[in-house]
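Visitor: After the C-alpha cells below, expect a handful of questions from me.
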Amino acid sequence: MTGGLPDRQTGKLPSLRRNKSAAYDISSFVTRQGLLLPKRISFDNWMGLGSYLSGIYSSSAWCLGDWLLYGEASFNGRYKDAITLTSLDYQTLRNHAWVARSFPLSRRRDTLSFTHHAEVAGLTEPEQDFWLRKAEENAWSAKRLRREVKTSMLERTNDNELERGRSQSSEGTAALSPEETVLLRVSIAAESLESCHEAASKLGLEVEAWAEQILVTAALRTLTPSPSSKVS
C-alpha cells in the first residue's frame, strides 16, 4: 500500500501516484468505532485507503496467529496476560495460532483466505497443498472447499470399509486376534482439533493414540455397570 498520512493542518493525503515508495500509517485515524477521515480526500487516496484496510482485514487472522506463536516461544508465564489484554476469545486465538503453525509463511497462498487454510489445517502437508491448489484453480469459496474435502473423506472411508469387507469375506469370519487392529476414521470440527492436540500433549501422546485411549475408556465405562446400578 502506498501513500502517506493526511496532513493535520490541511487534511490532505499525499498522492498515491506521486509517492509510491511511502507507506500508509493510519493507526492514529482508527478507533474502535470506526475510521476518522479528513473532510476531503481525493478519489485516488480514498481508493488507496480501501485497499489498505482490505489488506489489513484479510491478513489480521494470520497476523494474530503469528503474534501468538511468537508469544508462546518468547514470553513464557506472561503469554496469557497478553491474550487477556486483547479482549478476544481465547479459543479463537488458539485456533488462529494452530492454523498459523500449520502453514509457515512460505506455504500460505495469497489468493486464498485464512479460512480456506483453516479448513485443511488438520490434513497432512501433501493433502493440504492438493486441496488448496484445487481451491485456487477452481476459485472455490471456503464453504465449497469444506464440502469437497468432506465428500472426499467420506468416499475414502467407504472405499476402505468396502475393501476391508471384501478381505474379511475372503479370509472367512474368524474373529480378530488381540494383535490385529482396524482403522477408524473420525471427523471433527477444525476449531476443536487444537484442543485435542493440547490434551494429548499433556499426556505425552500423539493425538491419534490419545483418541484411542479415550474411545476405549469410554466404551468400558459404558459397558460396565456402576455399583449403584447393581441389584443387591
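Ligands are numbered from 1 in the order shown, residues from 1 within each chain, and chains are lettered A, B, ... in the order they appear in the C-alpha cells.
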Give me the residues near Tyr79 in chain A as a PyMOL selection string, where near means some atom within 10 Å (using only C-alpha atoms) and where sequence neighbours in that chain fewer than 6 positions away do not count.
Guide: chain A and resi 68-73
Visitor: In Å to one decimal, how far is CA of Ser113 in chain A from CA of Ser58 in chain A?
Guide: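 Answer for the CA of Ser58 in chain A to CA of Ser113 in chain A separation: 7.0 Å.
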Visitor: Can you tell me which residues surround Gly55 in chain A at a distance of at most 12 Å, considering only C-alpha atoms, apart from same-chain residues fewer than 5 positions away, and format the answer as a list in words?
Guide: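 Close residues of Gly55 in chain A: Met1, Tyr24, Gly48, Leu49, Gly50, Ser60, Ala61, Trp62, Cys63, Asp110, Thr111 and Ser113 of chain A.
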Visitor: Using N, CA, C and O atoms, can you export the residues from the last selection as a compact mmCIF listing (two decimals), in the first residue's frame?
Guide:
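out_12.txt written:
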```txt
# COMPACT_ATOMS: atom_id res chain seq x y z
N MET A 1 0.85 -1.18 0.00
CA MET A 1 0.00 0.00 0.00
C MET A 1 0.88 1.23 0.00
O MET A 1 1.79 1.34 0.81
N TYR A 24 1.44 3.81 4.10
CA TYR A 24 0.44 4.40 4.97
C TYR A 24 0.62 3.96 6.41
O TYR A 24 0.94 2.82 6.68
N GLY A 48 -7.07 4.15 -2.21
CA GLY A 48 -5.88 3.61 -1.57
C GLY A 48 -6.14 3.17 -0.14
O GLY A 48 -5.69 2.12 0.29
N LEU A 49 -6.91 3.99 0.59
CA LEU A 49 -7.26 3.62 1.96
C LEU A 49 -8.09 2.34 1.98
O LEU A 49 -7.90 1.47 2.83
N GLY A 50 -9.01 2.21 1.03
CA GLY A 50 -9.82 1.00 0.96
C GLY A 50 -8.97 -0.23 0.71
O GLY A 50 -9.18 -1.29 1.32
N SER A 60 -5.38 -10.03 9.06
CA SER A 60 -5.45 -9.91 10.52
C SER A 60 -5.41 -11.25 11.22
O SER A 60 -4.74 -11.40 12.25
N ALA A 61 -6.10 -12.26 10.67
CA ALA A 61 -6.10 -13.57 11.31
C ALA A 61 -4.70 -14.19 11.29
O ALA A 61 -4.25 -14.76 12.29
N TRP A 62 -4.02 -14.07 10.15
CA TRP A 62 -2.64 -14.57 10.06
C TRP A 62 -1.74 -13.84 11.05
O TRP A 62 -0.91 -14.46 11.73
N CYS A 63 -1.89 -12.52 11.11
CA CYS A 63 -1.04 -11.72 12.00
C CYS A 63 -1.26 -12.09 13.45
O CYS A 63 -0.30 -12.19 14.23
N ASP A 110 -1.67 -16.37 -1.22
CA ASP A 110 -2.24 -15.02 -1.21
C ASP A 110 -3.65 -14.98 -1.78
O ASP A 110 -4.46 -14.14 -1.39
N THR A 111 -3.93 -15.87 -2.72
CA THR A 111 -5.23 -15.83 -3.40
C THR A 111 -6.34 -16.49 -2.59
O THR A 111 -7.51 -16.43 -2.98
N SER A 113 -8.14 -17.27 1.39
CA SER A 113 -8.31 -16.66 2.70
C SER A 113 -7.74 -17.52 3.81
O SER A 113 -7.41 -18.70 3.61
```
Visitor: Could you work out how far CA of Ala142 in chain A lies from CA of Thr115 in chain A, giving the answer in Å with one decimal?
Guide: 6.2 Å
Visitor: Could you give me, as a list of chain:residue names, the residues within 9 Å of Trp98 in chain A, counting only C-alpha atoms and dropping anything in the same chain fewer than 2 positions from it?
Guide: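 What passes the distance filter is A:Gly65, A:Leu69, A:Leu93, A:Arg94, A:Asn95, A:His96, A:Ala100, A:Arg101, A:Ser102, A:Phe103, A:Ala118, A:Ala121, A:Leu193, A:Glu194.
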